[in-house]
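Colleague: What follows is the file start-v8.cif, containing mmCIF, C-alpha atoms and all ligand atoms:
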data_query
loop_
_atom_site.label_atom_id
_atom_site.label_comp_id
_atom_site.auth_asym_id
_atom_site.auth_seq_id
_atom_site.Cartn_x
_atom_site.Cartn_y
_atom_site.Cartn_z
CA MET A 1498 94.49 4.12 32.36
CA SER A 1499 96.64 3.31 29.32
CA ALA A 1500 95.20 3.25 25.80
CA THR A 1501 93.91 -0.13 24.57
CA ILE A 1502 96.54 -1.78 22.38
CA ILE A 1503 95.39 -3.69 19.30
CA ARG A 1504 97.95 -5.76 17.44
CA SER A 1505 96.00 -7.73 14.87
CA LEU A 1506 94.46 -6.39 11.70
CA ALA A 1507 91.46 -8.73 12.13
CA GLN A 1508 90.70 -7.16 15.51
CA LEU A 1509 91.10 -3.65 14.13
CA ARG A 1510 88.84 -4.45 11.16
CA ALA A 1511 86.10 -5.75 13.46
CA LEU A 1512 86.18 -2.44 15.36
CA THR A 1513 86.25 -0.17 12.33
CA LYS A 1514 83.45 -2.17 10.70
CA SER A 1515 81.15 -1.57 13.68
CA TRP A 1516 82.13 2.12 13.84
CA LYS A 1517 81.40 2.56 10.14
CA GLN A 1518 78.01 0.87 10.56
CA GLN A 1519 77.15 3.46 13.22
CA GLY A 1520 78.22 6.23 10.84
CA ASP A 1521 81.20 7.29 12.98
CA VAL A 1522 83.90 9.47 11.45
CA ILE A 1523 87.26 7.78 12.05
CA GLY A 1524 90.47 9.75 12.52
CA VAL A 1525 93.98 8.30 12.39
CA VAL A 1526 97.21 9.68 13.78
CA PRO A 1527 100.08 7.68 12.23
CA THR A 1528 103.20 7.61 14.45
CA MET A 1529 106.39 5.68 14.99
CA GLY A 1530 106.01 6.03 18.75
CA ALA A 1531 108.38 7.80 21.17
CA LEU A 1532 105.43 10.12 21.61
CA HIS A 1533 105.80 13.72 22.74
CA GLU A 1534 103.61 16.80 22.99
CA GLY A 1535 103.75 17.23 19.19
CA HIS A 1536 102.03 13.86 18.69
CA LEU A 1537 99.58 14.59 21.48
CA SER A 1538 98.56 17.81 19.74
CA LEU A 1539 97.70 15.72 16.63
CA VAL A 1540 95.65 13.37 18.80
CA ARG A 1541 93.79 16.32 20.36
CA ALA A 1542 93.02 17.70 16.88
CA ALA A 1543 91.76 14.25 15.84
CA LYS A 1544 89.61 13.95 18.97
CA ALA A 1545 88.09 17.37 18.25
CA GLY A 1546 87.23 16.50 14.64
CA CYS A 1547 86.31 12.80 14.67
CA ASP A 1548 84.01 10.37 16.50
CA ARG A 1549 86.69 7.67 16.78
CA VAL A 1550 90.45 8.06 16.96
CA ILE A 1551 93.07 5.44 16.17
CA VAL A 1552 96.73 6.12 16.88
CA THR A 1553 99.05 3.82 14.96
CA LEU A 1554 102.51 2.95 16.29
CA PHE A 1555 104.77 1.24 13.80
CA VAL A 1556 108.49 1.81 13.36
CA ASN A 1557 108.51 1.39 9.61
CA PRO A 1558 111.72 -0.34 8.48
CA ARG A 1559 111.20 0.74 4.86
CA GLN A 1560 111.63 4.46 5.51
CA PHE A 1561 115.03 4.30 7.24
CA ASN A 1562 118.20 4.80 5.27
CA SER A 1563 120.39 2.66 7.45
CA PRO A 1564 119.83 -0.44 9.60
CA GLU A 1565 121.61 1.36 12.52
CA ASP A 1566 119.17 4.29 12.38
CA PHE A 1567 116.26 1.82 12.38
CA ALA A 1568 117.77 -0.18 15.26
CA ASN A 1569 118.49 2.99 17.30
CA TYR A 1570 115.02 4.48 16.86
CA PRO A 1571 113.51 4.83 20.35
CA ARG A 1572 110.91 2.18 21.19
CA THR A 1573 108.81 3.17 24.19
CA GLU A 1574 105.49 1.39 23.68
CA LEU A 1575 104.38 1.19 27.32
CA ALA A 1576 105.19 4.83 27.99
CA ASP A 1577 103.40 5.78 24.74
CA ALA A 1578 100.26 3.86 25.77
CA ALA A 1579 100.37 5.55 29.20
CA LEU A 1580 100.75 9.01 27.63
CA LEU A 1581 97.72 8.38 25.44
CA GLY A 1582 95.61 7.15 28.37
CA PRO A 1583 94.23 10.54 29.46
CA LEU A 1584 93.45 11.47 25.85
CA ASP A 1585 90.95 8.65 25.64
CA VAL A 1586 91.77 7.37 22.15
CA ASP A 1587 89.67 4.49 20.87
CA ALA A 1588 92.59 2.28 19.86
CA LEU A 1589 96.37 2.21 19.77
CA PHE A 1590 97.18 0.01 16.79
CA VAL A 1591 100.62 -1.60 17.11
CA PRO A 1592 100.98 -4.09 14.27
CA ASP A 1593 103.90 -6.49 13.86
CA ALA A 1594 106.06 -6.06 10.79
CA ALA A 1595 104.57 -9.31 9.44
CA GLU A 1596 101.07 -7.81 9.66
CA VAL A 1597 102.11 -4.74 7.67
CA TYR A 1598 104.44 -6.49 5.24
CA PRO A 1599 103.37 -10.15 5.09
CA GLU A 1600 105.62 -12.57 3.26
CA GLY A 1601 105.46 -11.92 -0.45
CA HIS A 1602 104.54 -8.23 -0.04
CA ASP A 1603 106.04 -6.74 -3.17
CA THR A 1604 104.47 -3.33 -3.78
CA VAL A 1605 106.12 0.05 -3.36
CA VAL A 1606 104.13 3.27 -3.54
CA SER A 1607 106.18 6.06 -5.04
CA VAL A 1608 105.11 9.70 -5.28
CA ARG A 1609 107.38 11.24 -7.87
CA GLY A 1610 108.43 14.90 -8.22
CA ILE A 1611 107.63 16.27 -4.81
CA SER A 1612 109.51 13.40 -3.09
CA GLU A 1613 112.73 14.13 -4.94
CA PRO A 1614 114.29 17.37 -3.57
CA LEU A 1615 115.36 18.14 0.03
CA GLU A 1616 114.76 15.04 2.19
CA GLY A 1617 114.40 12.91 -0.94
CA ALA A 1618 117.82 13.96 -2.21
CA HIS A 1619 119.50 13.25 1.12
CA ARG A 1620 117.50 10.17 2.11
CA PRO A 1621 116.98 8.15 -1.09
CA GLY A 1622 113.93 5.88 -0.90
CA HIS A 1623 112.70 7.46 2.33
CA PHE A 1624 109.46 8.80 0.87
CA ASP A 1625 108.74 5.53 -0.98
CA GLY A 1626 108.82 3.90 2.45
CA VAL A 1627 106.57 6.59 3.90
CA ALA A 1628 104.09 6.55 1.01
CA THR A 1629 103.91 2.74 1.10
CA VAL A 1630 103.28 2.48 4.84
CA VAL A 1631 100.86 5.42 4.91
CA THR A 1632 98.79 3.80 2.13
CA LEU A 1633 98.74 0.55 4.12
CA LEU A 1634 97.83 2.33 7.37
CA PHE A 1635 95.03 4.25 5.66
CA ASN A 1636 93.65 0.98 4.26
CA MET A 1637 94.06 -0.86 7.54
CA THR A 1638 92.34 1.80 9.64
CA GLN A 1639 89.71 2.80 7.04
CA ALA A 1640 90.08 6.31 8.43
CA ASP A 1641 88.16 9.29 7.06
CA ARG A 1642 90.71 11.85 8.31
CA ALA A 1643 94.46 11.61 8.91
CA PHE A 1644 96.43 14.08 11.01
CA PHE A 1645 100.01 15.04 10.13
CA GLY A 1646 102.35 17.60 11.68
CA GLU A 1647 103.77 20.52 9.70
CA LYS A 1648 107.14 19.80 11.35
CA ASP A 1649 107.64 17.21 8.57
CA TRP A 1650 106.52 19.66 5.90
CA GLN A 1651 107.70 17.69 2.88
CA GLN A 1652 106.15 14.49 4.23
CA LEU A 1653 102.84 16.33 4.64
CA GLN A 1654 102.95 17.51 0.99
CA VAL A 1655 103.93 14.01 -0.23
CA VAL A 1656 100.99 12.47 1.64
CA ARG A 1657 98.62 15.13 0.28
CA GLN A 1658 99.77 14.41 -3.26
CA LEU A 1659 99.43 10.67 -2.67
CA ALA A 1660 95.84 11.02 -1.39
CA LYS A 1661 94.95 13.35 -4.29
CA ASP A 1662 96.54 11.28 -7.06
CA MET A 1663 95.22 7.94 -5.84
CA LEU A 1664 91.74 9.28 -5.00
CA LEU A 1665 92.10 7.97 -1.46
CA PRO A 1666 88.84 8.64 0.41
CA ILE A 1667 90.61 10.42 3.26
CA GLU A 1668 91.08 14.03 4.27
CA ILE A 1669 94.66 14.99 5.18
CA VAL A 1670 94.57 17.44 8.09
CA PRO A 1671 97.74 19.51 8.67
CA CYS A 1672 98.57 20.50 12.27
CA PRO A 1673 101.06 23.21 13.34
CA SER A 1674 104.52 22.30 14.66
CA ILE A 1675 104.79 22.29 18.42
CA ARG A 1676 107.91 23.99 19.76
CA ALA A 1677 109.75 23.89 23.07
CA GLU A 1678 110.02 27.18 24.98
CA ASP A 1679 113.29 28.03 23.25
CA GLY A 1680 111.72 27.43 19.82
CA LEU A 1681 113.12 23.97 18.96
CA ALA A 1682 110.45 21.94 17.14
CA LEU A 1683 109.54 18.84 19.14
CA SER A 1684 110.86 15.61 17.60
CA SER A 1685 111.60 12.12 18.88
CA ARG A 1686 115.18 12.66 17.69
CA ASN A 1687 115.71 15.53 20.18
CA GLN A 1688 116.08 12.89 22.91
CA ARG A 1689 119.39 11.91 21.33
CA LEU A 1690 120.94 15.38 21.80
CA SER A 1691 123.45 15.74 24.63
CA GLY A 1692 122.67 18.50 27.18
CA ALA A 1693 125.07 20.96 25.53
CA ALA A 1694 123.83 20.18 22.02
CA ARG A 1695 120.22 20.55 23.16
CA GLU A 1696 121.05 24.08 24.36
CA ARG A 1697 122.57 24.99 21.00
CA ALA A 1698 119.79 23.34 18.96
CA ALA A 1699 117.43 26.31 19.25
CA ALA A 1700 119.78 28.17 16.91
CA LEU A 1701 118.11 26.22 14.06
CA PRO A 1702 114.63 27.77 14.44
CA ASP A 1703 116.16 31.15 15.39
CA ILE A 1704 118.16 31.26 12.16
CA LEU A 1705 115.24 29.97 10.08
CA PHE A 1706 112.80 32.54 11.47
CA ALA A 1707 115.33 35.38 11.02
CA ALA A 1708 115.99 34.38 7.39
CA ALA A 1709 112.26 34.01 6.66
CA LYS A 1710 111.66 37.50 8.03
CA ALA A 1711 114.50 38.96 5.97
CA ILE A 1712 113.22 37.32 2.75
CA ALA A 1713 109.65 38.45 3.46
CA LYS A 1714 111.00 42.02 3.83
CA GLY A 1715 112.60 41.76 0.40
CA GLN A 1716 116.24 40.97 1.27
CA PRO A 1717 118.05 39.14 -1.58
CA VAL A 1718 117.22 35.43 -1.33
CA GLU A 1719 120.56 33.87 -2.27
CA GLU A 1720 122.53 36.07 0.11
CA THR A 1721 120.08 35.42 2.95
CA LEU A 1722 120.25 31.65 2.42
CA ALA A 1723 124.06 31.71 2.30
CA ALA A 1724 124.17 33.78 5.51
CA GLY A 1725 121.72 31.35 7.18
CA LYS A 1726 123.98 28.40 6.33
CA ARG A 1727 127.05 30.27 7.61
CA ARG A 1728 125.29 31.12 10.87
CA LEU A 1729 124.27 27.48 11.35
CA ARG A 1730 127.84 26.29 10.80
CA ALA A 1731 129.11 28.90 13.24
CA GLN A 1732 126.74 27.41 15.84
CA GLY A 1733 128.28 23.95 15.34
CA PHE A 1734 125.79 22.46 12.83
CA ALA A 1735 127.66 20.22 10.38
CA PRO A 1736 126.94 19.21 7.79
CA VAL A 1737 124.15 21.59 6.83
CA GLU A 1738 122.39 19.42 4.25
CA TYR A 1739 120.02 22.07 2.97
CA PHE A 1740 118.71 25.53 3.82
CA GLU A 1741 116.34 26.28 0.96
CA LEU A 1742 113.45 28.45 -0.06
CA CYS A 1743 110.75 26.47 -1.92
CA ASP A 1744 107.20 26.70 -3.16
CA SER A 1745 105.15 25.64 -0.12
CA GLU A 1746 103.00 23.18 -2.03
CA THR A 1747 105.11 21.76 -4.84
CA LEU A 1748 108.50 22.18 -3.12
CA GLY A 1749 109.78 23.34 -6.50
CA PRO A 1750 111.45 26.72 -7.02
CA ALA A 1751 109.85 29.51 -4.96
CA ARG A 1752 107.92 32.33 -6.63
CA PRO A 1753 107.08 35.58 -4.86
CA ASP A 1754 103.42 35.35 -6.02
CA ARG A 1755 102.91 31.96 -4.34
CA PRO A 1756 103.20 30.76 -0.73
CA ARG A 1757 106.84 30.06 0.14
CA ARG A 1758 108.48 27.88 2.77
CA LEU A 1759 112.00 27.91 4.13
CA LEU A 1760 113.24 24.40 5.01
CA ALA A 1761 116.44 23.18 6.65
CA ALA A 1762 118.18 19.95 7.62
CA ALA A 1763 121.44 19.90 9.55
CA PHE A 1764 123.34 17.68 11.91
CA LEU A 1765 124.19 18.74 15.43
CA ASP A 1766 126.48 16.33 17.25
CA GLU A 1767 125.51 13.56 14.80
CA VAL A 1768 121.77 14.08 15.34
CA ARG A 1769 119.93 15.07 12.19
CA LEU A 1770 117.45 17.89 12.81
CA ILE A 1771 114.91 19.26 10.33
CA ASP A 1772 112.64 22.27 10.57
CA ASN A 1773 110.70 24.67 8.35
CA VAL A 1774 108.90 27.99 8.56
CA ALA A 1775 106.49 29.96 6.38
CA VAL A 1776 107.75 33.04 4.56
CA ASP A 1777 105.02 35.68 4.49
O1 LIG A 1801 106.08 10.92 10.65
C1 LIG A 1801 106.21 9.73 11.03
O2 LIG A 1801 106.29 9.45 12.23
C2 LIG A 1801 106.25 8.63 9.99
O3 LIG A 1801 106.92 9.04 8.85
C3 LIG A 1801 104.86 8.06 9.64
C4 LIG A 1801 103.98 9.10 8.98
C5 LIG A 1801 104.20 7.54 10.91
C6 LIG A 1801 105.01 6.89 8.67
O4 LIG A 1801 105.77 5.87 9.20
#
Using structure tokens, write down the structure from this file.
Ligand code: PAF

Modeller:
Amino acid sequence: MSATIIRSLAQLRALTKSWKQQGDVIGVVPTMGALHEGHLSLVRAAKAGCDRVIVTLFVNPRQFNSPEDFANYPRTELADAALLGPLDVDALFVPDAAEVYPEGHDTVVSVRGISEPLEGAHRPGHFDGVATVVTLLFNMTQADRAFFGEKDWQQLQVVRQLAKDMLLPIEIVPCPSIRAEDGLALSSRNQRLSGAARERAAALPDILFAAAKAIAKGQPVEETLAAGKRRLRAQGFAPVEYFELCDSETLGPARPDRPRRLLAAAFLDEVRLIDNVAVD
């Protein structure tokens, strides 16, 4: 059986009200659909840690940098509902844009600092769109816990900062990236890779892991990063937008006495791929 789809906020509120009255802990897994095993792993984590689980499916127009990217984003609602069926979620919330952004909606949530480097520098306004919709989805679902994948590492840190700064009564639960057998992190965008590009795409995690290992062993950082970029270009990635070592939490400059993360974004055959690994 497919998951039960709820489209109206009034219907969702009636459900969450009754769950709250029973003292149920509500978990939310925010998604933009085109679900894959990565999303399902978030749902399984939510099921294990909550009494009720809501998956949200909303392709958020405010976080895309171009109308074409928004229009081309895969929309596979029926397949998504079918995939969720066996996981027995309590609701699949699929609001219309008018439910999320009713006429006259005029508020933008902006997390400064941490939103600015990396993705923020290459996708201006992206994290304002994410922070705004995530705030709305948290309020709509009244969730106690929200599950986010480490694949979008910067997004996870932005959402953590948002919840902390705004005293949102929700726990942000990070979940590990899920990778295909060849190491490529699962992403809805992988569907857009041609067969040949898909075969080459695993070079991204290979190069990231190799560079992280070299840095952890004490190899010079700048040289290792430059070599990583060169190796990506040699594998056909262009442009390589960033290949950077950052502080894991603040995404500011890395320090050897604090947890570090290596993050990359690069295009392969016009598909933008991102990934990140710990350096320890
Ligand atoms: O990671 C995503 O799919 C989106 O950025 C999110 C968190 C669902 C907000 O639209």

Colleague: Choose the residue, out of A:Arg1727, A:His1533, A:Thr1632, A:Ala1576, that has the smallest atom-to-atom separation from Ala1677 of chain A; count only C-alpha atoms.

Modeller: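 Nearest to Ala1677 of chain A: A:His1533.
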
Colleague: Give the answer as one residue: which of A:Leu1701, A:Ile1675, A:Ile1667, A:Val1655 has the shortest atom-to-atom distance to ligand LIG 1801 (chain A), using all atoms listed in the file?

Modeller: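 Counting all atoms listed in the file, the residue closest to ligand LIG 1801 (chain A) is A:Val1655.
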
Colleague: Hey, can you pull every residue with an atom no more than 6 Å from (89.4, 7.4, 20.3), using all atoms listed in the file, and send it as a PyMOL selection string?

Modeller: chain A and resi 1549-1551+1585-1587

Colleague: Name the residues, by chain letter and number, that sit within 7 Å of ligand LIG 1801 (chain A) using all atoms listed in the file, and give them as a PyMOL selection string.

Modeller: chain A and resi 1527-1529+1555-1557+1627+1630-1631+1649

Colleague: Neighbouring residues of Pro1621 of chain A were defined as those with any atom within 10 Å, considering only C-alpha atoms; residues of the same chain fewer than 5 positions away were excluded. Please report them as a list in words.

Modeller: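 Using only C-alpha atoms, the neighbours found are Gln1560, Phe1561, Asn1562, Ser1612, Glu1613, Pro1614, Glu1616 and Gly1626 of chain A.
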
Colleague: Please determine the residues with any atom at most 8 Å from (111.1, 29.0, 21.1) (coordinates as given in the file, with only C-alpha atoms counting) and report them as a list of chain:residue names.

Modeller: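 Residues with an atom at most 8 Å from (111.1, 29.0, 21.1): A:Arg1676, A:Ala1677, A:Glu1678, A:Asp1679, A:Gly1680, A:Leu1681, A:Ala1699, A:Pro1702, A:Asp1703.
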
Colleague: Next, write the just-selected residues to a file, as a tab-separated table (two decimals), keeping the file's coordinate frame, keeping C-alpha atoms as the atom set.

Modeller:
chain	number	residue	atom	x	y	z
A	1676	ARG	CA	107.91	23.99	19.76
A	1677	ALA	CA	109.75	23.89	23.07
A	1678	GLU	CA	110.02	27.18	24.98
A	1679	ASP	CA	113.29	28.03	23.25
A	1680	GLY	CA	111.72	27.43	19.82
A	1681	LEU	CA	113.12	23.97	18.96
A	1699	ALA	CA	117.43	26.31	19.25
A	1702	PRO	CA	114.63	27.77	14.44
A	1703	ASP	CA	116.16	31.15	15.39

Colleague: Of the residues A:Asp1625, A:Glu1719, A:Glu1600, A:Asp1577, which is the one nearest to Pro1558 of chain A, using all atoms listed in the file?

Modeller: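 Using all atoms listed in the file, Pro1558 of chain A sits closest to A:Asp1625.
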
Colleague: Looking at all atoms listed in the file, which of A:Met1498, A:Leu1659, A:Val1768, A:Ile1503 is the one that sits closest to Thr1629 of chain A?

Modeller: A:Leu1659

Colleague: For atom CA of Asn1636 of chain A and atom CA of Asp1593 of chain A, determine how far apart the two atoms are, in Å to one decimal place.

Modeller: 15.9 Å

Colleague: For Leu1539 of chain A, please output as a PDB file with C-alpha atoms, keeping the file's coordinate frame all residues within 9 Å (counting only C-alpha atoms; exclusion window: fewer than 6 positions along the same chain).

Modeller:
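Wrote it out as out.pdb, contents follow:
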ATOM      1  CA  VAL A1526      97.210   9.680  13.780  1.00  0.00           C
ATOM      2  CA  PHE A1644      96.430  14.080  11.010  1.00  0.00           C
ATOM      3  CA  PHE A1645     100.010  15.040  10.130  1.00  0.00           C
ATOM      4  CA  GLY A1646     102.350  17.600  11.680  1.00  0.00           C
ATOM      5  CA  PRO A1671      97.740  19.510   8.670  1.00  0.00           C
ATOM      6  CA  CYS A1672      98.570  20.500  12.270  1.00  0.00           C
ATOM      7  CA  PRO A1673     101.060  23.210  13.340  1.00  0.00           C
TER       8      PRO A1673
END

Colleague: Could you state the separation of atom CA of Thr1553 of chain A and atom CA of Phe1590 of chain A in Å, given to one decimal place?

Modeller: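 Computing the Euclidean distance for atom CA of Thr1553 of chain A and atom CA of Phe1590 of chain A yields 4.6 Å.
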
Colleague: Model the absent atoms of segment 1581-1592 of chain A so that N, CA, C and O atoms are present, and write the result as a PDB file, keeping the file's coordinate frame.

Modeller:
ATOM      1  N   LEU A1581      98.977   8.242  26.176  1.00  0.00           N
ATOM      2  CA  LEU A1581      97.720   8.380  25.440  1.00  0.00           C
ATOM      3  C   LEU A1581      96.501   8.157  26.334  1.00  0.00           C
ATOM      4  O   LEU A1581      95.390   8.560  25.980  1.00  0.00           O
ATOM      5  N   GLY A1582      96.727   7.491  27.482  1.00  0.00           N
ATOM      6  CA  GLY A1582      95.610   7.150  28.370  1.00  0.00           C
ATOM      7  C   GLY A1582      94.642   8.305  28.615  1.00  0.00           C
ATOM      8  O   GLY A1582      93.450   8.206  28.286  1.00  0.00           O
ATOM      9  N   PRO A1583      95.138   9.441  29.133  1.00  0.00           N
ATOM     10  CA  PRO A1583      94.230  10.540  29.460  1.00  0.00           C
ATOM     11  C   PRO A1583      93.536  11.145  28.238  1.00  0.00           C
ATOM     12  O   PRO A1583      92.539  11.847  28.376  1.00  0.00           O
ATOM     13  N   LEU A1584      94.064  10.872  27.047  1.00  0.00           N
ATOM     14  CA  LEU A1584      93.450  11.470  25.850  1.00  0.00           C
ATOM     15  C   LEU A1584      92.279  10.635  25.333  1.00  0.00           C
ATOM     16  O   LEU A1584      91.583  11.026  24.402  1.00  0.00           O
ATOM     17  N   ASP A1585      92.128   9.453  25.921  1.00  0.00           N
ATOM     18  CA  ASP A1585      90.950   8.650  25.640  1.00  0.00           C
ATOM     19  C   ASP A1585      90.790   8.307  24.150  1.00  0.00           C
ATOM     20  O   ASP A1585      89.731   8.513  23.564  1.00  0.00           O
ATOM     21  N   VAL A1586      91.881   7.786  23.557  1.00  0.00           N
ATOM     22  CA  VAL A1586      91.770   7.370  22.150  1.00  0.00           C
ATOM     23  C   VAL A1586      91.026   6.037  22.107  1.00  0.00           C
ATOM     24  O   VAL A1586      90.973   5.315  23.099  1.00  0.00           O
ATOM     25  N   ASP A1587      90.467   5.716  20.952  1.00  0.00           N
ATOM     26  CA  ASP A1587      89.670   4.490  20.870  1.00  0.00           C
ATOM     27  C   ASP A1587      90.525   3.259  20.652  1.00  0.00           C
ATOM     28  O   ASP A1587      90.118   2.159  21.023  1.00  0.00           O
ATOM     29  N   ALA A1588      91.699   3.433  20.043  1.00  0.00           N
ATOM     30  CA  ALA A1588      92.590   2.280  19.860  1.00  0.00           C
ATOM     31  C   ALA A1588      94.005   2.761  19.585  1.00  0.00           C
ATOM     32  O   ALA A1588      94.212   3.787  18.912  1.00  0.00           O
ATOM     33  N   LEU A1589      94.954   2.020  20.119  1.00  0.00           N
ATOM     34  CA  LEU A1589      96.370   2.210  19.770  1.00  0.00           C
ATOM     35  C   LEU A1589      96.740   0.965  18.966  1.00  0.00           C
ATOM     36  O   LEU A1589      96.795  -0.145  19.516  1.00  0.00           O
ATOM     37  N   PHE A1590      96.910   1.143  17.671  1.00  0.00           N
ATOM     38  CA  PHE A1590      97.180   0.010  16.790  1.00  0.00           C
ATOM     39  C   PHE A1590      98.685  -0.170  16.654  1.00  0.00           C
ATOM     40  O   PHE A1590      99.377   0.730  16.156  1.00  0.00           O
ATOM     41  N   VAL A1591      99.174  -1.320  17.115  1.00  0.00           N
ATOM     42  CA  VAL A1591     100.620  -1.600  17.110  1.00  0.00           C
ATOM     43  C   VAL A1591     100.845  -2.910  16.353  1.00  0.00           C
ATOM     44  O   VAL A1591     100.994  -3.977  16.956  1.00  0.00           O
ATOM     45  N   PRO A1592     100.840  -2.846  15.025  1.00  0.00           N
ATOM     46  CA  PRO A1592     100.980  -4.090  14.270  1.00  0.00           C
ATOM     47  C   PRO A1592     102.416  -4.600  14.251  1.00  0.00           C
ATOM     48  O   PRO A1592     103.361  -3.821  14.354  1.00  0.00           O
TER      49      PRO A1592
END
